[in-house]
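J.: Structure incoming, see below.
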Amino acid sequence: MADCSSGRVETIYRTRDPVINLRIGVSLQRVTPTALFTQHVLQPALQQGQDRIEMTTFDIPASGEMTSSFRTHDQEEVVLGWQEKLFSQFEIDLFKNQQACQSPLDFQYHNEILSLQETEERKNFRIFTYTDFDRYTSMKEYSQTMTTSAKEDRSYLTERMSHIRCRRQERRITEGKIPHSRMITWAPNEEFVRNNHVVNNPVQTMYIMGDLGPYGKLGKRENEYVLCTIKVDSNGVLAVKPDFSGSKSAYRIETEGEKKELWLYTINNASITVQKDDQDREKNLFKDLYDRHKEYLNTLVGEEFEIPPLGALKLFVNGEIVSAEGYEYDNLYVQFFLELPDNWFCPSQQQLSGVTQTCSTKVEGRENVAYFSHPFNFEMTLRSDNQPEGFLPQWPVLYFGVQSCDFWLRYRVEGYGYIRIPDSPGSYTLTCQTWRPILPGTSEMYRFFVGGLLELEDMTYIRTPSTFKGERLSRFGFRTETAGTVTIKFHCMQQCRTFLDSSMARKRSQNVLERMGGLTHQASLHSVLAAFERAQQRMHEARENLSKDLLHSSTSASLDPE
């Protein structure tokens with residue numbers, strides 16, 4: 001059994017029609033001196049209308065006028081459908097004997113062969129097929145290489161993928177059902193990983209074969225050649241190897257053995273062309289289907305978005321706590337909550353707090369990084385009506401605390417921080433430097449052995465406590481230590497009736513506060529406050545570095561013998 005498709009390109013088609021409508025025309029002809037004479041002399045003469053050549057016995061079907069069945073000793077044409085079974089002489093000799101039948105499919109073939117012999121309606125001799133139900137494997141396809149290297153070593157994955165691409169001898173019936181138990185294997189062993197390392201997309205395969213043995217000696221496996229391989233998956237992807245001949249020249253096969261012969265064959269798409277009326281009817285049917293689906297979606301979503309009331313701004317925040325890095329201990333998790341200032345409201349079912357999963361850190365560069373990728377979303381409304389002129393609304397703030405938990409369930413506070421929600425729509429990736437409170441003495445030793453200790457009762461103390469009503473807030477005596485950083489992504493969307501005002505179209509590039517009430521100084525005020533906070537942070541780090549340098553210099557002076 002041989003494969004003649006080596007070096008021929010596989011062509012991929014995509015179709016929305018049922019594959020059962022596919023019809024394939026195959027023409028096979030042995031190259032003989034008579035065939036060459038007919039091809040080079042008789043056909044041009046017939047095309048020119050010459051009557052000098054009296055060889056009308058050569059009845060050559062015109063190209064494109066393929067019949068359902070045409071055969072001679074050296075030429076055969078067959079039109080077959082998808083997964084249509086045409087028996088070879090070897091299968092007829094095998095399955096006509098009932099004792100050779102083992103499976104239900106073998107007995108089915110036995111009955112069909114007996115029916116063909118009784119009716120004598122067999123339309124093929126050399127061209128036959130192997131369907132998706134037959135136990136046939138193209139060894140040429142199985143042994144194909146994955147690279148161009150001559151010394152390629154086939155890996156385990158390559159062998160498994162080769163079995164999936166071709167027909168398998170041991171077929172296992174699989175059902176497309178999801179098991180209701182053990183959806184996740186928490187401790188997979190090595191064998192489980194190896195068996196589930198490949199993606200198995202269900203593919204139906206059909207082989208069109210040719211028996212190129214001498215006439216009268218058909219039915220030998222060594223004379224069987226693969227003419228065409230056709231595969232179809234569940235997504236409507238049709239793979240044909242080699243491609244349909246069309247206007248190209250015929251494919252060539254040179255048989256093996258002592259007496260080599262040359263055969264030519266063509267593969268054509270003989271499917272029935274859909275009439276224009278049927279195409280229009282199908283388009284209208286699809287259009288009606290899409291319109292009904294659109295109406296169904298409109299009933300679910302509504303014909304238009306909900307518009308906020310006049311003087312109100314809706315803020316939608318979809319965010320993600322990306323990572324935390326630079327902390328002392330492992331197994332980190334982040335607790336967070338959103339503080340709504342005055343005149344801000346949220347739906348009753350909206351959750352304003354949350355906690356991430358516990359994540360182990362890994363070394364990247366010089367820091368230990370824990371990746372959370374924990375999503376969150378908030379929906380808020382700002383009511384600015386009945387406010388005095390010059391009203392400056394405050395913006396929501398996201399507070400968070402980073403904590404760790406070790407094997408002995410010792411919890412430690414790793415750092416606190418906050419980030420103000422961006423006041424302009426768009427996507428942002430912000431990184432916040434955190435700190436943690438410390439006490440002089442043995443607090444660090446207590447933290448190492450026992451854990452716990454210092455924790456803020458009110459997390460808003462990170463910025464300005466929510467209970468503070470005075471003019472000045474003193475933090476004198478409150479000692480802290482710089483900790484790691486937390487990276488958070490924000491995707492902010494805003495909705496307000498003011499945006500629909502055509503007279504405000506030129507101001508769309510400004511921030512939302514300016515668009516709502518002409519508060520032109522709010523953005524600059526936020527920028528100044530942010531710059532002031534960054535300056536305070538740099539001064540704090542400079543003081544820590546200076547104290548460390550002074551301590552190092554004093555220690556060196558005490559150790560100097562002079």
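Residue numbering restarts at 1 in every chain; chains get A, B, ... in the order shown in the structure tokens, and ligands count up from 1 in that same order.
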Under the rule of at most 12 Å, produce a per-residue listing of stretch 290-328 of chain A near stretch 431-434 of chain A: chain, number, name, the closest pair of atoms, and the distance in Å, as a tab-separated table, using only C-alpha atoms.

T.:
```
residue	atom	partner	partner_atom	distance
A:Ile321	CA	A:Thr431	CA	10.2
A:Val322	CA	A:Thr431	CA	9.7
A:Ser323	CA	A:Thr431	CA	9.4
A:Ala324	CA	A:Thr431	CA	9.3
A:Glu325	CA	A:Gln433	CA	10.0
A:Gly326	CA	A:Gln433	CA	10.0
A:Tyr327	CA	A:Thr434	CA	9.8
```

J.: I need the residue nearest A:Thr480 from this list: A:Glu414, A:Asn21, A:Asp423, A:Pro465. Use only C-alpha atoms for the distance.

T.: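 Nearest candidate to A:Thr480 out of A:Glu414, A:Asn21, A:Asp423, A:Pro465: A:Glu414.
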
J.: Could you list, as a ChimeraX atom specification, every residue within 8 Å of stretch 116-129 of chain A, counting only C-alpha atoms and ignoring same-chain residues fewer than 6 positions away?

T.: /A:28,69-71,76,78,84-89,206-212,218

J.: Near A:Asp330, counting only C-alpha atoms, which residues have an atom at most 6 Å away, once you skip same-chain residues fewer than 2 positions from it, shown as a ChimeraX atom specification?

T.: /A:332,360-361

J.: Convert the current residue selection to file output with C-alpha atoms, as a CSV table (one decimal), in the first residue's frame.

T.:
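What ended up in result_10.csv:
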```csv
chain,number,residue,atom,x,y,z
A,332,LEU,CA,0.5,37.4,50.2
A,360,SER,CA,3.0,32.7,46.4
A,361,THR,CA,5.8,34.9,45.2
```

J.: Could you please determine the separation between atom CA of A:Gln83 and atom CA of A:Asp280 in Å, to one decimal place?

T.: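 Calculated distance between atom CA of A:Gln83 and atom CA of A:Asp280 is 29.2 Å.
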
J.: Using only C-alpha atoms, I'd like a table of the residues in stretch 286-355 of chain A that come within 10 Å of stretch 455-463 of chain A; for each, show the closest atom pair and its distance in Å rounded to one decimal, ordered by chain and ascending number, as JSON lines.

T.:
```
{"residue": "A:Phe336", "atom": "CA", "partner": "A:Met459", "partner_atom": "CA", "distance": 9.3}
{"residue": "A:Phe337", "atom": "CA", "partner": "A:Met459", "partner_atom": "CA", "distance": 9.0}
{"residue": "A:Leu338", "atom": "CA", "partner": "A:Thr460", "partner_atom": "CA", "distance": 9.9}
{"residue": "A:Glu339", "atom": "CA", "partner": "A:Thr460", "partner_atom": "CA", "distance": 8.3}
```

J.: Considering only C-alpha atoms, can you say which of A:Gln403, A:Pro308, A:Phe490, A:Gly452 comes closest to A:Pro375?

T.: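 Checking each candidate against A:Pro375, we get A:Phe490 as the closest.
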
J.: When you look at A:Val397 with a cut-off of 8 Å (counting only C-alpha atoms), what residues show up, excluding the ones that are within fewer than 3 positions of it in the same chain? I need them as a ChimeraX atom specification.

T.: /A:338-340,418-421

J.: Run DSSP on the backbone of this structure and report the residues of stretch 202-410 of chain A it assigns to strand (DSSP E), as a PyMOL selection string.

T.: chain A and resi 203-211+224-233+237-241+251-254+262-269+312-325+332-339+344-345+353-355+362-364+367-383+397-405

J.: State, in Å with one decimal place, the distance from atom CA of A:Gln335 to atom CA of A:Tyr416.

T.: 9.6 Å

J.: Between A:Glu379, A:Asp278, A:Glu328, A:Glu471, which has the minimum distance to A:Ser404 (counting only C-alpha atoms)?

T.: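 Residue with the minimum atom-to-atom distance to A:Ser404: A:Glu328.
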
J.: Grab the atom CA of A:Ser353 to atom CA of A:Pro396 distance for me, in Å with one decimal place.

T.: 13.0 Å

J.: Rank nothing, just name the residue among A:Ser348, A:Ser373, A:Thr381, A:Ser424 nearest to A:Pro309, using only C-alpha atoms.

T.: A:Thr381

J.: So that I can check the secondary structure, give me every residue of stretch 268-496 of chain A assigned alpha helix (DSSP H) by backbone DSSP, as a VMD selection string.

T.: chain A and resid 276 to 301 443 to 449

J.: Can you work out which one of A:Tyr251, A:Phe407, A:Tyr130, A:Trp263 has the shortest atom-to-atom distance to A:Thr229, counting only C-alpha atoms?

T.: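 The shortest atom-to-atom distance to A:Thr229 comes from A:Tyr130.
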
J.: So, with only C-alpha atoms as the atoms that count, which of A:Thr205, A:Glu77, A:Glu481, A:Thr356 lies closest to A:Asp134?

T.: A:Thr205
